[in-house]
Structure formats: structure tokens, C-alpha cells
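Engineer: Got a file for you: input_36.txt, compact mmCIF, C-alpha atoms.
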# COMPACT_ATOMS: atom_id res chain seq x y z
CA MET Y 1 167.36 296.06 61.68
CA GLU Y 2 165.31 293.21 63.02
CA HIS Y 3 165.79 289.62 62.02
CA PRO Y 4 164.10 288.91 58.66
CA PHE Y 5 161.53 286.20 58.28
CA LEU Y 6 162.85 283.41 56.04
CA PHE Y 7 160.80 280.42 54.91
CA LEU Y 8 163.63 277.93 54.72
CA SER Y 9 164.86 279.02 58.14
CA LYS Y 10 161.47 278.21 59.62
CA LEU Y 11 161.48 274.88 57.79
CA PHE Y 12 164.89 273.97 59.15
CA GLU Y 13 163.92 275.03 62.63
CA LEU Y 14 160.99 272.64 62.44
CA ILE Y 15 163.26 269.71 61.66
CA GLY Y 16 165.65 270.69 64.42
CA LEU Y 17 168.63 272.23 62.57
CA GLY Y 18 167.73 275.73 63.77
CA SER Y 19 171.21 276.76 64.90
CA PHE Y 20 172.79 275.74 61.59
CA VAL Y 21 170.40 277.79 59.51
CA HIS Y 22 170.74 280.69 61.94
CA HIS Y 23 174.46 280.95 61.31
CA TYR Y 24 174.59 279.92 57.66
CA PRO Y 25 171.33 280.88 55.91
CA HIS Y 26 173.17 281.56 52.67
CA VAL Y 27 174.44 277.96 52.57
CA VAL Y 28 170.92 276.62 53.03
CA TYR Y 29 169.55 278.86 50.30
CA SER Y 30 172.33 277.92 47.90
CA TRP Y 31 171.45 274.25 48.45
CA PHE Y 32 167.85 275.17 47.64
CA ILE Y 33 168.92 276.84 44.41
CA MET Y 34 171.12 273.91 43.43
CA LEU Y 35 168.19 271.58 44.01
CA PHE Y 36 165.92 273.87 42.00
CA LEU Y 37 168.30 274.02 39.04
CA ILE Y 38 168.87 270.25 39.04
CA VAL Y 39 165.16 269.49 39.22
CA VAL Y 40 164.27 272.01 36.51
CA GLY Y 41 167.06 270.69 34.30
CA LYS Y 42 165.97 267.10 34.73
CA LEU Y 43 162.33 267.92 34.09
CA SER Y 44 162.95 269.87 30.92
CA ALA Y 45 165.58 267.56 29.43
CA GLY Y 46 164.00 264.36 30.66
CA ALA Y 47 162.42 263.31 27.38
CA VAL Y 48 164.29 265.08 24.61
CA LYS Y 49 162.19 265.39 21.47
CA MET Y 50 163.19 266.45 17.98
CA ILE Y 51 160.57 269.18 17.93
CA PRO Y 52 160.90 270.79 21.33
CA SER Y 53 158.07 272.20 23.33
CA GLY Y 54 157.59 273.77 26.71
CA GLY Y 55 160.56 273.59 29.11
CA GLN Y 56 162.88 272.03 26.55
CA ASN Y 57 162.15 274.88 24.14
CA PHE Y 58 162.86 277.52 26.77
CA PHE Y 59 166.12 275.97 27.86
CA GLU Y 60 167.27 275.38 24.29
CA MET Y 61 166.83 279.10 23.75
CA VAL Y 62 168.77 279.97 26.89
CA ILE Y 63 171.59 277.52 26.24
CA SER Y 64 171.99 278.43 22.59
CA GLY Y 65 171.99 282.12 23.55
CA ILE Y 66 174.79 281.61 26.07
CA GLU Y 67 176.69 279.41 23.64
CA GLY Y 68 176.44 281.90 20.79
CA PHE Y 69 177.66 284.69 23.03
CA GLN Y 70 180.51 282.59 24.33
CA LEU Y 71 181.64 281.62 20.83
CA SER Y 72 181.79 285.27 19.88
CA ILE Y 73 184.06 286.02 22.86
CA MET Y 74 186.20 282.90 23.20
CA GLY Y 75 186.11 281.26 19.79
CA GLU Y 76 186.02 277.55 19.12
CA GLU Y 77 188.84 276.64 21.52
CA GLY Y 78 186.72 277.76 24.43
CA ARG Y 79 184.06 275.09 23.95
CA PRO Y 80 185.18 272.85 26.83
CA PHE Y 81 184.47 275.67 29.28
CA PHE Y 82 180.87 276.11 28.32
CA PRO Y 83 179.47 274.02 31.22
CA LEU Y 84 181.44 276.05 33.77
CA ILE Y 85 180.36 279.39 32.33
CA ALA Y 86 176.73 278.47 31.82
CA THR Y 87 176.51 276.97 35.32
CA LEU Y 88 178.09 280.03 36.89
CA GLY Y 89 175.77 282.31 34.94
CA LEU Y 90 172.56 280.43 35.74
CA TYR Y 91 173.50 279.76 39.36
CA ILE Y 92 174.39 283.38 40.08
CA LEU Y 93 171.29 284.57 38.24
CA CYS Y 94 169.00 282.37 40.33
CA CYS Y 95 170.87 283.32 43.51
CA ASN Y 96 170.36 287.01 42.74
CA TRP Y 97 166.71 286.71 41.74
CA ILE Y 98 165.61 284.60 44.67
CA GLY Y 99 166.29 287.46 47.09
CA LEU Y 100 163.52 289.49 45.53
CA ILE Y 101 160.87 287.01 46.63
CA PRO Y 102 159.57 288.08 50.06
CA GLY Y 103 160.67 285.56 52.66
CA MET Y 104 163.74 284.39 50.76
CA LEU Y 105 167.40 285.38 51.02
CA SER Y 106 169.98 285.83 48.27
CA PRO Y 107 173.00 283.64 48.94
CA THR Y 108 175.05 286.17 46.98
CA ALA Y 109 174.17 288.85 49.53
CA ASN Y 110 176.68 287.17 51.85
CA ILE Y 111 180.31 287.65 50.85
CA ASN Y 112 181.12 283.94 50.93
CA THR Y 113 179.07 282.93 47.89
CA PRO Y 114 180.60 285.43 45.41
CA LEU Y 115 184.04 284.76 46.90
CA SER Y 116 183.65 281.03 46.26
CA CYS Y 117 182.61 281.62 42.65
CA ALA Y 118 185.51 284.05 42.09
CA LEU Y 119 188.03 281.60 43.57
CA VAL Y 120 186.76 278.88 41.23
CA VAL Y 121 187.28 281.23 38.28
CA PHE Y 122 190.77 282.17 39.50
CA VAL Y 123 191.86 278.55 39.90
CA VAL Y 124 190.39 277.52 36.52
CA THR Y 125 192.08 280.44 34.74
CA HIS Y 126 195.54 279.59 36.01
CA ALA Y 127 195.11 275.83 35.74
CA VAL Y 128 194.03 276.26 32.11
CA GLY Y 129 196.96 278.55 31.39
CA LEU Y 130 199.47 276.17 32.95
CA LYS Y 131 198.00 273.17 31.16
CA GLU Y 132 197.97 274.93 27.79
CA HIS Y 133 201.35 276.64 27.94
CA GLY Y 134 203.28 274.74 30.58
CA ALA Y 135 206.13 276.70 32.13
CA LYS Y 136 205.90 279.30 29.38
CA TYR Y 137 202.74 280.56 31.08
CA ILE Y 138 204.99 282.98 32.97
CA LYS Y 139 205.36 284.89 29.70
CA HIS Y 140 201.82 286.11 30.18
CA PHE Y 141 202.99 288.04 33.22
CA THR Y 142 206.21 289.51 31.94
CA GLY Y 143 205.18 291.78 29.10
CA PRO Y 144 206.91 292.28 25.75
CA ILE Y 145 210.18 294.02 26.81
CA TRP Y 146 212.65 291.81 28.70
CA TRP Y 147 214.29 294.46 30.86
CA MET Y 148 210.98 295.70 32.24
CA VAL Y 149 210.25 292.34 33.84
CA PRO Y 150 211.02 293.43 37.46
CA LEU Y 151 208.39 296.12 37.04
CA MET Y 152 205.85 294.18 35.00
CA LEU Y 153 205.82 290.94 36.98
CA PRO Y 154 204.62 292.35 40.34
CA ILE Y 155 202.08 294.57 38.59
CA GLU Y 156 200.68 291.67 36.61
CA LEU Y 157 200.57 289.41 39.68
CA ILE Y 158 198.74 292.05 41.69
CA GLY Y 159 196.38 292.54 38.77
CA HIS Y 160 195.59 288.85 38.65
CA PHE Y 161 194.96 288.63 42.38
CA SER Y 162 192.84 291.75 42.26
CA ARG Y 163 190.57 289.97 39.77
CA VAL Y 164 189.33 287.78 42.61
CA LEU Y 165 188.62 290.84 44.74
CA SER Y 166 186.94 292.76 41.96
CA LEU Y 167 184.71 289.85 40.90
CA THR Y 168 183.72 289.23 44.51
CA PHE Y 169 183.03 292.82 45.46
CA ARG Y 170 181.20 293.67 42.26
CA LEU Y 171 178.71 290.86 42.74
CA PHE Y 172 178.50 291.08 46.54
CA GLY Y 173 178.24 294.87 46.64
CA ASN Y 174 175.54 295.03 43.99
CA ILE Y 175 173.33 292.35 45.48
CA MET Y 176 173.84 293.33 49.11
CA GLY Y 177 173.30 296.98 48.23
CA GLU Y 178 170.07 296.13 46.45
CA ASP Y 179 168.87 294.03 49.41
CA LEU Y 180 169.79 296.86 51.77
CA VAL Y 181 167.88 299.42 49.68
CA LEU Y 182 164.81 297.16 49.60
CA ALA Y 183 164.99 296.59 53.35
CA ILE Y 184 165.36 300.31 54.08
CA LEU Y 185 162.51 301.24 51.74
CA LEU Y 186 160.37 298.62 53.40
CA PHE Y 187 161.23 300.02 56.79
CA LEU Y 188 160.58 303.60 55.72
CA ALA Y 189 157.47 303.33 53.56
CA GLY Y 190 156.42 299.71 53.35
CA LYS Y 191 152.76 300.56 53.67
CA PHE Y 192 152.81 302.42 50.36
CA LEU Y 193 154.52 299.56 48.50
CA ALA Y 194 157.65 301.68 48.09
CA PRO Y 195 160.03 298.75 47.41
CA VAL Y 196 158.12 297.63 44.30
CA PRO Y 197 159.72 300.08 41.77
CA MET Y 198 163.11 299.23 43.25
CA MET Y 199 162.31 295.56 42.73
CA PHE Y 200 161.87 296.14 39.00
CA LEU Y 201 165.29 297.80 38.88
CA ALA Y 202 166.67 294.98 41.01
CA ILE Y 203 165.46 292.33 38.52
CA PHE Y 204 167.42 294.11 35.81
CA THR Y 205 170.60 294.73 37.80
CA SER Y 206 170.65 291.15 39.13
CA PHE Y 207 170.54 289.87 35.56
CA VAL Y 208 173.27 292.29 34.51
CA GLN Y 209 175.55 291.25 37.38
CA ALA Y 210 175.22 287.54 36.62
CA PHE Y 211 175.86 288.29 32.95
CA ILE Y 212 178.93 290.41 33.75
CA PHE Y 213 180.36 287.70 36.02
CA SER Y 214 180.13 285.05 33.31
CA LEU Y 215 181.38 287.51 30.67
CA LEU Y 216 184.47 288.31 32.74
CA THR Y 217 185.03 284.59 33.30
CA MET Y 218 184.96 284.06 29.54
CA MET Y 219 187.41 286.91 28.99
CA TYR Y 220 189.84 285.73 31.66
CA ILE Y 221 189.86 282.17 30.36
CA ALA Y 222 190.27 283.43 26.79
CA GLY Y 223 193.17 285.60 27.98
CA SER Y 224 194.82 282.55 29.55
CA LEU Y 225 194.38 280.46 26.43
CA GLU Y 226 195.71 282.95 23.92
CA GLU Y 227 199.34 283.32 22.95
CA SER Y 228 201.30 285.79 25.04
CA HIS Y 229 202.81 288.84 23.31
CA MET M 1 165.85 329.41 54.33
CA SER M 2 167.07 332.83 55.35
CA LYS M 3 170.59 333.42 56.62
CA LYS M 4 169.38 333.94 60.17
CA THR M 5 167.35 330.70 60.20
CA PHE M 6 170.30 328.81 58.74
CA ARG M 7 172.65 330.12 61.43
CA LEU M 8 170.13 329.25 64.12
CA THR M 9 169.70 325.70 62.78
CA MET M 10 173.44 325.08 62.62
CA LEU M 11 173.98 326.45 66.13
CA SER M 12 171.22 324.33 67.63
CA THR M 13 172.46 321.21 65.82
CA PHE M 14 175.95 321.61 67.18
CA PHE M 15 174.55 322.37 70.63
CA VAL M 16 172.55 319.13 70.61
CA LEU M 17 175.49 317.11 69.29
CA GLY M 18 177.71 318.66 71.92
CA MET M 19 175.31 317.55 74.62
CA ALA M 20 175.46 313.93 73.41
CA PRO M 21 178.51 312.90 75.47
CA LEU M 22 176.44 313.51 78.60
CA ALA M 23 174.40 310.45 77.58
CA PHE M 24 177.40 308.27 78.41
CA ALA M 25 176.53 308.60 82.08
CA GLN M 26 178.57 305.67 83.33
CA VAL M 27 181.76 306.50 81.41
CA ASP M 28 184.50 309.06 81.99
CA PRO M 29 183.24 312.22 80.16
CA THR M 30 186.55 313.04 78.44
CA VAL M 31 186.81 309.52 77.10
CA ALA M 32 183.17 309.56 76.01
CA ALA M 33 183.82 312.79 74.13
CA SER M 34 186.67 311.20 72.18
CA GLY M 35 184.49 308.16 71.49
CA MET M 36 181.83 310.51 70.16
CA LYS M 37 184.44 312.26 68.03
CA LEU M 38 185.55 308.92 66.62
CA PHE M 39 181.97 308.03 65.76
CA ALA M 40 181.36 311.43 64.21
CA ALA M 41 184.57 311.17 62.19
CA VAL M 42 183.69 307.67 60.96
CA VAL M 43 180.20 308.72 59.93
CA THR M 44 181.49 311.83 58.15
CA ALA M 45 184.10 309.79 56.30
CA ALA M 46 181.53 307.24 55.16
CA GLY M 47 179.16 309.92 53.96
CA PHE M 48 181.76 311.87 52.01
CA GLY M 49 183.37 308.72 50.63
CA ILE M 50 180.25 307.43 48.97
CA GLY M 51 179.28 310.94 47.84
CA ILE M 52 182.53 311.49 45.99
CA ALA M 53 182.37 307.99 44.50
CA ALA M 54 178.84 308.56 43.23
CA PHE M 55 179.94 311.88 41.70
CA GLY M 56 182.71 310.26 39.68
CA THR M 57 180.48 307.35 38.69
CA GLY M 58 177.79 309.67 37.42
CA ILE M 59 180.22 311.46 35.16
CA GLY M 60 181.86 308.27 33.93
CA GLN M 61 178.61 306.49 33.14
CA GLY M 62 177.27 309.62 31.48
CA ILE M 63 180.22 309.66 29.11
CA ALA M 64 179.67 305.97 28.33
CA ILE M 65 176.01 306.53 27.52
CA LYS M 66 176.89 309.57 25.44
CA GLY M 67 179.19 307.44 23.29
CA ALA M 68 176.55 304.74 22.92
CA VAL M 69 173.79 307.15 21.94
CA GLU M 70 176.00 308.91 19.41
CA GLY M 71 177.00 305.55 17.93
CA THR M 72 173.37 304.51 17.62
CA ALA M 73 172.46 307.84 16.07
CA ARG M 74 175.12 307.37 13.40
CA ASN M 75 174.29 303.74 12.69
CA PRO M 76 170.86 302.66 13.90
CA GLU M 77 171.34 299.11 12.59
CA ALA M 78 174.14 298.44 15.09
CA SER M 79 172.00 299.57 18.02
CA GLY M 80 171.73 296.02 19.47
CA LYS M 81 175.49 295.50 19.72
CA ILE M 82 176.06 299.06 20.89
CA THR M 83 173.49 298.65 23.66
CA VAL M 84 175.08 295.42 24.86
CA THR M 85 178.53 297.01 24.89
CA MET M 86 177.17 300.05 26.72
CA LEU M 87 175.59 297.88 29.41
CA ILE M 88 178.82 295.99 29.92
CA GLY M 89 180.75 299.25 30.23
CA LEU M 90 178.20 300.67 32.67
CA ALA M 91 178.49 297.61 34.90
CA MET M 92 182.29 297.97 34.93
CA VAL M 93 182.16 301.63 35.99
CA GLU M 94 179.41 300.97 38.51
CA SER M 95 181.57 298.38 40.22
CA LEU M 96 184.02 301.13 41.21
CA CYS M 97 181.23 302.93 43.04
CA ILE M 98 180.24 299.63 44.64
CA TYR M 99 183.76 299.23 46.04
CA ALA M 100 183.41 302.65 47.70
CA LEU M 101 179.99 301.65 49.02
CA VAL M 102 181.42 298.48 50.55
CA VAL M 103 184.18 300.49 52.24
CA ALA M 104 181.59 302.93 53.61
CA LEU M 105 179.48 300.07 54.94
CA ILE M 106 182.53 298.48 56.53
CA LEU M 107 183.27 301.80 58.24
CA LEU M 108 179.73 302.14 59.51
CA TYR M 109 178.88 298.61 60.55
CA ALA M 110 182.01 296.53 60.82
CA TYR M 111 184.79 298.97 61.58
CA PRO M 112 187.65 296.51 61.98
CA MET M 113 189.56 298.29 64.74
CA ALA M 114 186.40 299.11 66.67
CA ALA M 115 187.04 296.77 69.59
CA PRO M 116 190.74 297.59 70.17
CA VAL M 117 190.18 301.33 69.78
CA ALA M 118 187.19 301.22 72.11
CA LYS M 119 189.24 299.34 74.70
CA MET M 120 191.99 301.93 74.36
CA ILE M 121 189.67 304.86 75.01
CA GLY M 122 187.63 302.99 77.58
CA LEU M 123 184.25 302.81 75.90
CA PRO M 124 182.12 299.75 76.66
CA LEU M 125 181.85 297.83 73.34
Show the structure stored in the file as C-alpha cells.
Structural biologist:
Amino acid sequence: MEHPFLFLSKLFELIGLGSFVHHYPHVVYSWFIMLFLIVVGKLSAGAVKMIPSGGQNFFEMVISGIEGFQLSIMGEEGRPFFPLIATLGLYILCCNWIGLIPGMLSPTANINTPLSCALVVFVVTHAVGLKEHGAKYIKHFTGPIWWMVPLMLPIELIGHFSRVLSLTFRLFGNIMGEDLVLAILLFLAGKFLAPVPMMFLAIFTSFVQAFIFSLLTMMYIAGSLEESH
Amino acid sequence: MSKKTFRLTMLSTFFVLGMAPLAFAQVDPTVAASGMKLFAAVVTAAGFGIGIAAFGTGIGQGIAIKGAVEGTARNPEASGKITVTMLIGLAMVESLCIYALVVALILLYAYPMAAPVAKMIGLPL
């Protein structure tokens, strides 16, 4: 498969950082998305009015939607984690959707971006559990019956580490698979606009994957916060 | 396709594939044959792996959708919540197929032992 044409790559080549963007295009595109989210956030929340309109209205809808969903999963004690979950959700959503624009690359199509998000979730889950329960956090891993601990502890530890792998591969596999399908369809039948129906499906699955990532984050953090059996 | 045509197609396919090692003109022919066998085995494994994974995923997701549709038929007012739960369940099951896809892609494009194995059998890689 030949080298794809990427707008930001060309831009970076013009200012002389061509080798950097050649090796790490996903990093450059994630910077672009961070900049985009910060600028859009500043613009829409710049002058907050009592009766919202335009960008503020749209983002109030989005934020209250995420917050309502989170309260139904985590309850009131999960409120401090709302910025993390909403940021993860919006960032991953924008990362997934930007790949559909011709000439742009999804940072999540490279394994490093989903891996970084999953590691953040892993560290937050265990840090929260340790802070909330202290040393008794180990009770989460041991199960209810005391003499089954030698069996339960390794299984639970492997399960917790496999969360990182599953979060990473779910997001990476979906987005890279969708990019691969679009590229192959373009190669096979690009003249007949064959990728366009797949792009509609890709809009939906990208949204679902970002939603699932933040939902699983909520459930893991809620599982760390709750009392062990 | 008639039985005779099918047999002819299969025979000619295997004949052509058998001729492929001759393309490795600059390598030892026995070694090239084993390299070809490795490639054929890898490609077969990738194809069957993702096929079996897709088979299981189809059945699993079908059962999930069946439950969701039956729940909506019994209680149309809860259709919003049921749909959301169904989509979450579908994404969970789909991720298992995605793991198999990632393994198949690793086999095809980034086979981890490719360089050492190629060195062992003498292929230029």
C-alpha cells in the first residue's frame, strides 16, 4: 500500500520537521486534535450566558448528557472523575472521526494512542482504589472465601492486567480495521465511490467505540470505589 | 461448476502454486520450498482464524439482538434503554472478533519470528 497523502505531514515538511512527522504522524495528529478541542472549548465557553445559544448550547447538551449517563453508572461518589471520563470520551471520539476526512489520519489507528489511554485508566483505577481503601484494597482481589485466595488472587491480577490489553485492542482493532477497509475499498473501487457507505458505518462505529471506552472506564472506577465482598 | 471443471481448477491451482518456488531463482530450491510452505501455512492460518472468529461473533451478536428485540416487543416503552444495552453488548462481543483480526494481521504483516526463521531457512528477508 502506497504512502497516504496527509495534510499535516505536508505542513510539517514545509517547516522542516519532515522526518519527525514521517515517523510519528499519530503524535502530530493528536496534537492537532488537542488544539482543536481546546480552541472549541474556549470559544464556546468564552462568554457564558444565562440563556445559552450556539456553541454553548451544543456543549451544554453534550456535557449534561455525559454527566447524566455517568451518574446512572457511578452514582454521586463518582463526580470527581467526570473531567477524566468526559475528556477521554471526547478525545477518543475526535481521534476516531478525524480519520474519515480524506487527507487526515486517526491517531487511534496506531497502537500507541489507545495504549496510552488504557494505561491512564489502569493507573487511575488502582490509585483510586488504594486511596479509598488503603491496604484493604487487596480484598478486591481475593474473593469472598478465604481458602480460595491462592486461586483467586492470580486470576484477579491477570484479569486486571488484561483490562489494559482489552481496552487497547478493542479501540485499536476497530479503528485500524475500519481504516484498512476504507483503504482497500478505495484501492479496489475508488472510482465508483465505494468507500462512502463504509464511511457512514465508520461514523457510527467510531462513536460506539469512544462511548464503550468511557463506559468501561466508568465501570472500572466504580468497581474500585465500591466495597469489596 | 461441474465436478470435472472443479477438479481441473483445483489441479491447475496447485500446479501453479507448486511452480512458485522456481521464482526464487537465487536461493537454494529446497529452502525456497520450505519458505513457501511457511508463507502458505501463515496465510492459511490467518484466513481460517478470522473466519472462525467471525462465525462465533455472528452467532453471539445474533443472540444479543434476539434478546433485545424480544424485550422491546414485550415492553415498547423501554425500547430506548434496551437499545443502549444491546449496543453495549454488541460492542463487547465484537471486540473478541477484533482480537482475532489483530492476531491475523500480525501473522500476515508483522510475523514476529519472521526474521529469525528466515535466517534459519536461508531466505533473504
Engineer: Pull out every residue of chain M sitting within 8 Å of chain Y, counting all atoms listed in the file, and send them as a PyMOL selection string.
Structural biologist: chain M and resi 87-88+91+95+98-99+101-102
Engineer: Write to file, as a compact mmCIF listing (two decimals), in the coordinates of the input, the residues of the selection just made, with C-alpha atoms.
Structural biologist:
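And here's again.txt as it stands now:
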# COMPACT_ATOMS: atom_id res chain seq x y z
CA LEU M 87 175.59 297.88 29.41
CA ILE M 88 178.82 295.99 29.92
CA ALA M 91 178.49 297.61 34.90
CA SER M 95 181.57 298.38 40.22
CA ILE M 98 180.24 299.63 44.64
CA TYR M 99 183.76 299.23 46.04
CA LEU M 101 179.99 301.65 49.02
CA VAL M 102 181.42 298.48 50.55
Engineer: Could you check which of M:Ala64, M:Cys97, M:Leu38, M:Val43 is closest to Thr83 of chain M, using all atoms listed in the file?
Structural biologist: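 When distances to Thr83 of chain M are compared using all atoms listed in the file, the smallest one comes from M:Ala64.
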Engineer: What does the structure give for the distance between atom CA of Val40 of chain Y and atom CA of Ala210 of chain Y, in Å to one decimal?
Structural biologist: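 That distance, rounded to one decimal, is 19.0 Å.
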Engineer: In Å to one decimal, how far is atom CA of Cys95 of chain Y from atom CA of His22 of chain Y?
Structural biologist: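 These atoms are spaced 18.6 Å apart.
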Engineer: Is there a way to get, as a ChimeraX atom specification, all residues within 10 Å of the point (185.7, 288.0, 44.2) in file coordinates, counting only C-alpha atoms?
Structural biologist: /Y:111-122,161-172,213
Engineer: Expressed in Å to a single decimal, how great is the separation between atom CA of Gln56 of chain Y and atom CA of Ser44 of chain Y?
Structural biologist: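 Calculated distance between atom CA of Gln56 of chain Y and atom CA of Ser44 of chain Y is 4.9 Å.
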Engineer: Calculated over only C-alpha atoms, which of the candidates M:Pro76, M:Gln61, M:Val69, M:Leu107 has the smallest distance to Leu90 of chain M?
Structural biologist: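 The shortest atom-to-atom distance to Leu90 of chain M comes from M:Gln61.
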Engineer: With all atoms listed in the file as the basis for distance, which of Y:Lys42, Y:Leu93, Y:Leu105, Y:Met50 is at the shortest distance from Tyr24 of chain Y?
Structural biologist: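 Once distances to Tyr24 of chain Y are computed over all atoms listed in the file, the minimum belongs to Y:Leu105.
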Engineer: I'd like the neighbourhood of Phe55 of chain M as a ChimeraX atom specification, where a residue qualifies if any of its atoms comes within 12 Å (using only C-alpha atoms), though same-chain residues fewer than 6 positions away should be ignored.
Structural biologist: /M:48-49,61-62,93-94,96-97,100
Engineer: For Ala68 of chain M, which of M:Pro29, M:Gly89, M:Gly51, M:Gly56 is the closest residue, counting all atoms listed in the file?
Structural biologist: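 Result for the nearest residue to Ala68 of chain M: M:Gly89.
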Engineer: Would you mind listing what lies within 12 Å of Leu157 of chain Y as a PyMOL selection string, with only C-alpha atoms counted and same-chain residues fewer than 2 positions away left out?
Structural biologist: chain Y and resi 126+138-143+149-155+159-164
Engineer: Nearest to Pro102 of chain Y among Y:Pro195, Y:Gly18, Y:Gly54, Y:Gly68, with distances taken over all atoms listed in the file: which residue is it?
Structural biologist: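 Once distances to Pro102 of chain Y are computed over all atoms listed in the file, the minimum belongs to Y:Pro195.
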Engineer: If we count all atoms listed in the file, what is near Ile98 of chain Y at a cut-off of 12 Å, once residues fewer than 5 positions away on the same chain are taken out, given as an MDAnalysis selection string?
Structural biologist: chainID Y and resid 6 26 29:30 32:33 36 91:93 103:109 175 179 199 202:203 206:207
Engineer: Which of these, M:Leu8, M:Ala40, M:Met86, M:Lys3, has the shortest distance to Ile63 of chain M once you count all atoms listed in the file?
Structural biologist: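 Counting all atoms listed in the file, the residue closest to Ile63 of chain M is M:Met86.
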Engineer: Applying 8 Å and all atoms listed in the file, which residues near Ser214 of chain Y remain after dropping the ones on its own chain fewer than 4 positions away? List them as a tab-separated table (two decimals) with C-alpha atoms, in the coordinates of the input.
Structural biologist:
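Resulting contents of around18.tsv:
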chain	number	residue	atom	x	y	z
Y	85	ILE	CA	180.36	279.39	32.33
Y	86	ALA	CA	176.73	278.47	31.82
Y	88	LEU	CA	178.09	280.03	36.89
Y	89	GLY	CA	175.77	282.31	34.94
Y	210	ALA	CA	175.22	287.54	36.62
Y	218	MET	CA	184.96	284.06	29.54
